[in-house]
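Heads up, the thing below is written out as structure tokens.
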Amino acid sequence: MAGTAELIIEGKSYQYPTIEGSEGEKAIDIAKLRDETGYITIDSGYKNTGATKSGITFLDGEEGILRYRGYSIEDLADKASFLEVAYLLIYGELPTTEQYAKFENDIRRHTIVNEDMRRIFNGFPVNSHPMGVMSSLISAMSGFYPDSYDDKAPDRTELHIIRLLAKFPTLATWCYKKSNGHPINYPKNSLDYCSNFLHMMFSLPVENYEVNPVISKALNKLLILHADHEQNCSTSTVRLVGSSKANLYSSISAGISALWGPLHGGANQEVIEMLDEIVADGGDVEKYVLKAKDKSSGFRLFGFGHRVYKNFDPRARIIKKAADDILETLGINDPTLEVAKKLEEVALTDEYFIARKLYPNVDFYSGIIYRALGIPTNMFTVMFALGRLPGWIAQWKEMRAAKEPIGRPRQIYTGATLREFVPIEKR
């Protein structure tokens, strides 16, 4: 129930309305705070700042709940296809049979990338990080579709959404193929979304390639788990850039850059690099667990705990089972993955980790699965971006529909006060 909150500043009382969301989340509306008091709030990292109202994703970190448009992540990961979830996020409801068939067919019709994009792509060195390449290529799509700049042509937005969903996997596989010195593969539109991606990634012109249904199913689940996660760093970036009326491609490009950071989407890459480090040092898990407990060691275990979840990450529960199934089905013998299993066992049984709620998170398990599927470490964050794409699109679309004002945070200035200019010859 909405009410008011009282704020007393310098002996004077101010009243501000409170807001309650559909799941009981509460907020204080301080939009008029500076105008009325001359004060602003300071909230480093925006940990307690609500920048928007959104009907897309509900997240309860204390209870370990994640829902897309009211549907539990457990149900969606178990029962839905990734494109169903993409449709749900972007358009608000699960598609009917007819809606899904049209959506899937529209995406299939746009998987081919303009050949002139290859000239841009070929200009990148072979050792370029795929996330930098993807950010650049998605931004470049603005040039290929100039009507995306036209704010008076909202009917074209749906086509740009389809193009992004269709071409992103194609562009991502270009990065992988180039790093291996292999020729790129064109899409095979007879395949479903996940199988088509795997075909473009791993097939070679010299031999037949059959998509393993176990791998395709696992990829489908991973993409669903990453599809949206409320107002995180990259999603907030997409909305902030989009608030200036920047087009969809440039907004998504900015989101890719934000996701690239090791504190965000790059975490699953750091998990595998940490595991490789332990293996290279003899595989002594106990030694590294002790280092992690010793604050003076400077060593940090990646893939444990979460900024928002104070309980077990619900996505990690789902992905843990998927990881177990894949490793068993594929019969992979990898010392890095063996170390991961030992670390997981410690985290789930050691009182130090339990008391601090340092449970294995989605980054820990997704890194393991990507490793098992043969996806190289530097492509992990691209896989994250592929999954997050429909969430970014949904958030951008919601922000534009709500006609939200341009984002413009305030600051408290701590620099020098007014100084007299001194001519260069007297300095």
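Following the order of the structure tokens, chains are lettered A, B, ..., residues in each are numbered from 1, and ligands are numbered from 1.
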Open item on the list: Need the shell around A:Gly266: protein/DNA/RNA residues with any atom at most 12 Å away, counting only C-alpha atoms. Skip same-chain ones fewer than 5 positions apart. Format as an NGL selection string?
Closed with: :A and (129-131 or 234 or 256-261 or 271-273 or 302-303 or 363-364 or 366-367 or 377-385)
Open item on the list: At a cut-off of 10 Å, using only C-alpha atoms, what residues contact stretch 205-211 of chain A? Leave out same-chain residues fewer than 5 positions from it and give the result as a PyMOL selection string.
Closed with: chain A and resi 182-185+191+194-199+216
Give me a file of those residues, with C-alpha atoms, as an mmCIF file, in the first residue's frame.
```cif
data_model
loop_
_atom_site.group_PDB
_atom_site.id
_atom_site.type_symbol
_atom_site.label_atom_id
_atom_site.label_comp_id
_atom_site.auth_asym_id
_atom_site.auth_seq_id
_atom_site.Cartn_x
_atom_site.Cartn_y
_atom_site.Cartn_z
ATOM 1 C CA HIS A 182 38.750 -21.940 -40.133
ATOM 2 C CA PRO A 183 36.345 -20.800 -42.849
ATOM 3 C CA ILE A 184 33.074 -19.405 -41.560
ATOM 4 C CA ASN A 185 29.865 -21.401 -41.913
ATOM 5 C CA LEU A 191 17.869 -26.326 -37.781
ATOM 6 C CA CYS A 194 20.517 -23.576 -30.732
ATOM 7 C CA SER A 195 21.357 -26.361 -33.187
ATOM 8 C CA ASN A 196 22.006 -23.814 -35.934
ATOM 9 C CA PHE A 197 24.429 -21.977 -33.659
ATOM 10 C CA LEU A 198 26.295 -25.222 -32.878
ATOM 11 C CA HIS A 199 26.419 -26.060 -36.592
ATOM 12 C CA SER A 216 21.797 -28.498 -27.977
#
```
Open item on the list: Excluding A:Tyr87 and its own-chain neighbours fewer than 5 positions away, which residues fall within 9 Å of it when counting only C-alpha atoms? Please give them as a ChimeraX atom specification.
Closed with: /A:82,92-95,100,103,390
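Rounded to one decimal, atom CA of A:Ala292 and atom CA of A:Ala340 lie 14.9 Å from each other.
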What's the 9 Å shell around A:Ala322, counting only C-alpha atoms, without same-chain residues fewer than 6 positions away, as an mmCIF file with all heavy atoms, in the first residue's frame?
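And here is the file that came out, part-v6.cif:
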```
data_model
loop_
_atom_site.group_PDB
_atom_site.id
_atom_site.type_symbol
_atom_site.label_atom_id
_atom_site.label_comp_id
_atom_site.auth_asym_id
_atom_site.auth_seq_id
_atom_site.Cartn_x
_atom_site.Cartn_y
_atom_site.Cartn_z
ATOM 1 N N ALA A 218 21.406 -28.568 -23.629
ATOM 2 C CA ALA A 218 22.148 -27.860 -22.576
ATOM 3 C C ALA A 218 22.325 -26.396 -22.928
ATOM 4 O O ALA A 218 22.178 -25.508 -22.076
ATOM 5 C CB ALA A 218 23.513 -28.525 -22.363
ATOM 6 N N LYS A 221 19.154 -24.450 -22.348
ATOM 7 C CA LYS A 221 18.945 -24.162 -20.925
ATOM 8 C C LYS A 221 19.841 -23.021 -20.453
ATOM 9 O O LYS A 221 19.406 -22.123 -19.712
ATOM 10 C CB LYS A 221 19.219 -25.435 -20.112
ATOM 11 C CG LYS A 221 18.664 -25.414 -18.681
ATOM 12 C CD LYS A 221 18.971 -26.719 -17.955
ATOM 13 C CE LYS A 221 18.269 -27.888 -18.561
ATOM 14 N NZ LYS A 221 16.829 -27.943 -18.198
ATOM 15 N N LEU A 222 21.091 -23.042 -20.885
ATOM 16 C CA LEU A 222 22.031 -21.983 -20.495
ATOM 17 C C LEU A 222 21.569 -20.611 -20.980
ATOM 18 O O LEU A 222 21.624 -19.625 -20.238
ATOM 19 C CB LEU A 222 23.419 -22.278 -21.061
ATOM 20 C CG LEU A 222 24.304 -23.227 -20.266
ATOM 21 C CD1 LEU A 222 25.490 -23.664 -21.114
ATOM 22 C CD2 LEU A 222 24.794 -22.571 -19.003
ATOM 23 N N TYR A 365 29.149 -22.805 -12.806
ATOM 24 C CA TYR A 365 28.670 -23.958 -13.573
ATOM 25 C C TYR A 365 28.645 -23.699 -15.076
ATOM 26 O O TYR A 365 28.892 -24.612 -15.865
ATOM 27 C CB TYR A 365 27.279 -24.369 -13.089
ATOM 28 C CG TYR A 365 27.271 -24.945 -11.692
ATOM 29 C CD1 TYR A 365 26.629 -24.282 -10.658
ATOM 30 C CD2 TYR A 365 27.903 -26.151 -11.406
ATOM 31 C CE1 TYR A 365 26.618 -24.809 -9.371
ATOM 32 C CE2 TYR A 365 27.907 -26.679 -10.128
ATOM 33 C CZ TYR A 365 27.262 -25.999 -9.109
ATOM 34 O OH TYR A 365 27.263 -26.530 -7.844
ATOM 35 N N ILE A 369 30.305 -26.007 -18.086
ATOM 36 C CA ILE A 369 29.570 -26.553 -19.229
ATOM 37 C C ILE A 369 30.180 -26.096 -20.545
ATOM 38 O O ILE A 369 30.389 -26.897 -21.464
ATOM 39 C CB ILE A 369 28.083 -26.164 -19.155
ATOM 40 C CG1 ILE A 369 27.412 -26.860 -17.972
ATOM 41 C CG2 ILE A 369 27.358 -26.527 -20.447
ATOM 42 C CD1 ILE A 369 25.952 -26.505 -17.778
#
```
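Coordinates place atom CA of A:Ile393 at a distance of 20.7 Å from atom CA of A:Thr173.
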Residues near A:Ile42, anyone? I mean within 12 Å using only C-alpha atoms, not counting same-chain ones fewer than 5 positions away, as a compact mmCIF listing (two decimals) with C-alpha atoms, in the first residue's frame.
```txt
# COMPACT_ATOMS: atom_id res chain seq x y z
CA LYS A 47 22.88 -0.67 -4.71
CA ASN A 48 19.77 0.96 -3.24
CA THR A 49 18.63 3.10 -6.15
CA PRO A 409 22.86 10.92 -12.50
CA ARG A 410 24.02 13.65 -10.11
CA GLN A 411 27.31 13.84 -8.21
CA ILE A 412 28.95 15.44 -5.19
CA TYR A 413 31.93 17.44 -6.43
```
